[in-house]
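Novice: Here you go, one structure.
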Amino acid sequence: MGEAKRKQQNAPYGPALATGVRAAVAKAMPALDSPRFDALMGQLFGVADSALAALVAKDPPRRTIACKAGCAYCCHLYVQVTPLEAIGVMRAIQAQGPEALAAVRARVADTFVKAEGKDAAYRNLLALPCPLLVDGQCSVYAARPFVCRGANSADVDACRRGMGSASGVPLPTFVHQRTVYAAVGQGAAQGLRERGVDPDLLELVAALKIALDHDDPLTAWRNGTLNFTPARCIEVAKQRSA
Ligand code: SF4
């Protein structure tokens, strides 16, 4: 089955998955303290992982997925996250202790200077390494964003050639993996919107720069003292100001 046909045949599971995630986020939001936040993120990752495992069993990849530890071409791309993912990543960084936090702070500041104001296409051209990459591996792997979980490729050479390429290189990917995590991200944004919380997608580096100014980003976000608006993806910000 070709990827296009596969996408068409499995289209209904994405919205169903998003609906379930939306309900979980909307239910959790009113009393989202630290334990409930961690439980919610664990639930969302678990739901996505289970859905993907079921799809893999039913309709496995036709080509072996080439992704493995130490291969990080896709960690040089523009990353968009919901506020929930940004907070989750921050909590994972903080849990690693003050030394790791200081190192991330320095890398985020450095990357932010290079990335500020650049749209997705230009950022991909720059191929800046994600400030969370350490020795070629994601330092917050268990808390990595949905888009990072969905990224995959069956051709590492195509990934290599595509990094920083202006014209882009088509990648053979396992569409279920991308669809599942995209649906979870959409559902999370819908759940936030349902509770009156700004669900706009944020650029990861800019969001981390803002969150790093707070000792307790979750509480600050919940009480309104942490404002992610300046980290909105440029495309979203342009729409809002049009
Ligand atoms: S968050 Fe982790 S997986 Fe995602 S781009 Fe950064 S280093 Fe890579």
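Naming scheme: A, B, ... for chains in displayed order of the structure tokens; residues 1 onward per chain; ligands 1 onward as shown.
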List all protein, DNA and RNA residues that have an atom no more than 10 Å from any atom of ligand 1, counting only C-alpha atoms and all ligand atoms, and report them as a PyMOL selection string.
Specialist: chain A and resi 71-81+85-86+89+129-134+136-151+204-205
Novice: Quick one: residues within 9 Å of region 54-60 of chain A, only C-alpha atoms, excluding same-chain residues fewer than 5 positions away - as a ChimeraX atom specification?
Specialist: /A:6,49,174,176-177
Novice: Selection from above, C-alpha atoms, as a PDB file, in the first residue's frame, can you write it?
Specialist:
```pdb
ATOM      1  CA  ARG A   6      -2.499   4.354   3.544  1.00  0.00           C
ATOM      2  CA  ASP A  49       2.379   5.219  21.960  1.00  0.00           C
ATOM      3  CA  PHE A 174       6.079   5.942   8.175  1.00  0.00           C
ATOM      4  CA  HIS A 176       1.175   6.470  10.945  1.00  0.00           C
ATOM      5  CA  GLN A 177       3.913   7.730  13.245  1.00  0.00           C
TER       6      GLN A 177
END
```
Novice: Go through A:Asn124, A:Ala100, A:Val197, A:Gln43 and flag the residue nearest Asn223 (chain A), using only C-alpha atoms for the distances.
Specialist: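 Closest to Asn223 (chain A) of all the choices is A:Val197.
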Novice: Where does DSSP see strand (DSSP E) in region 98-185 of chain A, if you list the residues as a PyMOL selection string?
Specialist: chain A and resi 133-134+137-138
Novice: Once you have the residues from the selection above, write them out as a compact mmCIF listing (two decimals), in the first residue's frame, restricted to C-alpha atoms.
Specialist:
```txt
# COMPACT_ATOMS: atom_id res chain seq x y z
CA LEU A 133 20.90 18.14 21.84
CA VAL A 134 23.80 16.81 23.92
CA GLN A 137 21.20 12.86 21.55
CA CYS A 138 18.06 14.49 22.91
```
Novice: Between A:Ile210, A:Ser153, A:Thr229, A:Leu126, which has the minimum distance to Val175 (chain A) (counting only C-alpha atoms)?
Specialist: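 Counting only C-alpha atoms, the residue closest to Val175 (chain A) is A:Ser153.
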Novice: Skipping near chain neighbours, those fewer than 6 positions away, what residues fall within 12 Å of Lys118 (chain A) using only C-alpha atoms, listed as a list in words?
Specialist: Tyr78, Thr111, Phe112, Asn124, Leu125, Leu126, Ala127, Leu128, Glu203, Val205, Ala206, Ala231, Arg232, Cys233, Ile234 and Glu235 of chain A
Novice: I need the residues of region 58-211 of chain A that end up classed as helix (DSSP H, G or I) by DSSP on the backbone, written out as a VMD selection string.
Specialist: chain A and resid 58 73 to 76 83 to 95 98 to 115 120 to 126 141 to 143 146 to 150 156 to 162 175 to 194 204 to 211
Novice: For those residues, write C-alpha atoms to a file as a PDB file, in the first residue's frame.
Specialist:
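So result07.pdb came out as:
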```pdb
ATOM      1  CA  LYS A  58      -1.944  -3.872  11.829  1.00  0.00           C
ATOM      2  CA  TYR A  73      19.568  15.381  11.425  1.00  0.00           C
ATOM      3  CA  CYS A  74      15.921  16.138  12.269  1.00  0.00           C
ATOM      4  CA  CYS A  75      17.058  17.900  15.454  1.00  0.00           C
ATOM      5  CA  HIS A  76      18.278  20.738  13.225  1.00  0.00           C
ATOM      6  CA  PRO A  83       2.476  25.389  25.731  1.00  0.00           C
ATOM      7  CA  LEU A  84       1.998  22.016  27.445  1.00  0.00           C
ATOM      8  CA  GLU A  85       5.001  20.542  25.647  1.00  0.00           C
ATOM      9  CA  ALA A  86       7.149  23.609  26.379  1.00  0.00           C
ATOM     10  CA  ILE A  87       6.352  23.303  30.089  1.00  0.00           C
ATOM     11  CA  GLY A  88       6.985  19.559  29.997  1.00  0.00           C
ATOM     12  CA  VAL A  89      10.402  20.041  28.398  1.00  0.00           C
ATOM     13  CA  MET A  90      11.272  22.717  30.969  1.00  0.00           C
ATOM     14  CA  ARG A  91      10.326  20.418  33.829  1.00  0.00           C
ATOM     15  CA  ALA A  92      12.536  17.712  32.367  1.00  0.00           C
ATOM     16  CA  ILE A  93      15.469  20.122  32.129  1.00  0.00           C
ATOM     17  CA  GLN A  94      14.987  21.330  35.702  1.00  0.00           C
ATOM     18  CA  ALA A  95      14.840  17.755  36.957  1.00  0.00           C
ATOM     19  CA  PRO A  98      21.372  23.215  38.221  1.00  0.00           C
ATOM     20  CA  GLU A  99      24.392  22.342  36.087  1.00  0.00           C
ATOM     21  CA  ALA A 100      22.311  20.963  33.225  1.00  0.00           C
ATOM     22  CA  LEU A 101      19.905  23.864  33.563  1.00  0.00           C
ATOM     23  CA  ALA A 102      22.749  26.393  33.285  1.00  0.00           C
ATOM     24  CA  ALA A 103      24.120  24.625  30.209  1.00  0.00           C
ATOM     25  CA  VAL A 104      20.710  24.632  28.525  1.00  0.00           C
ATOM     26  CA  ARG A 105      20.235  28.285  29.418  1.00  0.00           C
ATOM     27  CA  ALA A 106      23.495  29.163  27.648  1.00  0.00           C
ATOM     28  CA  ARG A 107      22.666  27.080  24.552  1.00  0.00           C
ATOM     29  CA  VAL A 108      19.132  28.462  24.353  1.00  0.00           C
ATOM     30  CA  ALA A 109      20.442  32.043  24.577  1.00  0.00           C
ATOM     31  CA  ASP A 110      23.000  31.365  21.853  1.00  0.00           C
ATOM     32  CA  THR A 111      20.487  29.682  19.538  1.00  0.00           C
ATOM     33  CA  PHE A 112      17.858  32.334  20.180  1.00  0.00           C
ATOM     34  CA  VAL A 113      20.169  35.088  18.943  1.00  0.00           C
ATOM     35  CA  LYS A 114      20.739  33.190  15.691  1.00  0.00           C
ATOM     36  CA  ALA A 115      17.105  32.138  15.264  1.00  0.00           C
ATOM     37  CA  ALA A 120      10.369  27.951   9.490  1.00  0.00           C
ATOM     38  CA  ALA A 121      11.834  27.798   5.980  1.00  0.00           C
ATOM     39  CA  TYR A 122      14.786  30.002   6.865  1.00  0.00           C
ATOM     40  CA  ARG A 123      15.386  28.183  10.133  1.00  0.00           C
ATOM     41  CA  ASN A 124      15.513  24.854   8.333  1.00  0.00           C
ATOM     42  CA  LEU A 125      18.024  26.354   5.940  1.00  0.00           C
ATOM     43  CA  LEU A 126      20.198  27.500   8.853  1.00  0.00           C
ATOM     44  CA  TYR A 141      14.080  12.298  25.321  1.00  0.00           C
ATOM     45  CA  ALA A 142      11.221  11.118  27.571  1.00  0.00           C
ATOM     46  CA  ALA A 143       9.630  14.580  27.441  1.00  0.00           C
ATOM     47  CA  PHE A 146       5.010  15.491  19.799  1.00  0.00           C
ATOM     48  CA  VAL A 147       6.511  16.624  16.499  1.00  0.00           C
ATOM     49  CA  CYS A 148       9.863  15.095  17.494  1.00  0.00           C
ATOM     50  CA  ARG A 149       8.111  11.816  18.369  1.00  0.00           C
ATOM     51  CA  GLY A 150       6.388  11.787  15.000  1.00  0.00           C
ATOM     52  CA  VAL A 156      19.241   8.394   6.634  1.00  0.00           C
ATOM     53  CA  ASP A 157      21.095   9.521   3.519  1.00  0.00           C
ATOM     54  CA  ALA A 158      18.061  11.568   2.464  1.00  0.00           C
ATOM     55  CA  CYS A 159      17.981  13.130   5.950  1.00  0.00           C
ATOM     56  CA  ARG A 160      21.667  13.997   5.609  1.00  0.00           C
ATOM     57  CA  ARG A 161      21.188  15.558   2.182  1.00  0.00           C
ATOM     58  CA  GLY A 162      18.081  17.415   3.326  1.00  0.00           C
ATOM     59  CA  VAL A 175       2.915   8.012   7.922  1.00  0.00           C
ATOM     60  CA  HIS A 176       1.175   6.470  10.945  1.00  0.00           C
ATOM     61  CA  GLN A 177       3.913   7.730  13.245  1.00  0.00           C
ATOM     62  CA  ARG A 178       3.593  11.278  11.963  1.00  0.00           C
ATOM     63  CA  THR A 179      -0.221  11.165  11.985  1.00  0.00           C
ATOM     64  CA  VAL A 180      -0.560   9.813  15.524  1.00  0.00           C
ATOM     65  CA  TYR A 181       1.629  12.433  17.163  1.00  0.00           C
ATOM     66  CA  ALA A 182       0.214  15.249  15.022  1.00  0.00           C
ATOM     67  CA  ALA A 183      -3.282  14.223  16.140  1.00  0.00           C
ATOM     68  CA  VAL A 184      -2.241  14.235  19.791  1.00  0.00           C
ATOM     69  CA  GLY A 185      -0.778  17.717  19.369  1.00  0.00           C
ATOM     70  CA  GLN A 186      -3.961  18.947  17.712  1.00  0.00           C
ATOM     71  CA  GLY A 187      -6.092  17.421  20.461  1.00  0.00           C
ATOM     72  CA  ALA A 188      -3.951  19.062  23.152  1.00  0.00           C
ATOM     73  CA  ALA A 189      -4.362  22.475  21.475  1.00  0.00           C
ATOM     74  CA  GLN A 190      -8.122  21.930  21.217  1.00  0.00           C
ATOM     75  CA  GLY A 191      -8.311  21.033  24.914  1.00  0.00           C
ATOM     76  CA  LEU A 192      -6.461  24.224  25.847  1.00  0.00           C
ATOM     77  CA  ARG A 193      -8.759  26.302  23.661  1.00  0.00           C
ATOM     78  CA  GLU A 194     -11.794  24.672  25.272  1.00  0.00           C
ATOM     79  CA  LEU A 204      10.549  25.780  20.896  1.00  0.00           C
ATOM     80  CA  VAL A 205      13.704  27.857  21.431  1.00  0.00           C
ATOM     81  CA  ALA A 206      11.775  31.100  22.000  1.00  0.00           C
ATOM     82  CA  ALA A 207       9.367  29.319  24.359  1.00  0.00           C
ATOM     83  CA  LEU A 208      12.242  27.874  26.390  1.00  0.00           C
ATOM     84  CA  LYS A 209      13.930  31.272  26.594  1.00  0.00           C
ATOM     85  CA  ILE A 210      10.770  32.661  28.193  1.00  0.00           C
ATOM     86  CA  ALA A 211      10.179  29.674  30.472  1.00  0.00           C
TER      87      ALA A 211
END
```
Novice: Could you check how far CA of Ala237 (chain A) sits from CA of Gly196 (chain A), in Å to one decimal?
Specialist: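 So the answer is 18.3 Å.
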Novice: Given only C-alpha atoms as the basis, pick out the residue of A:Thr173, A:Gln96, A:Ser241, A:Thr82 nearest to Leu201 (chain A).
Specialist: A:Thr82
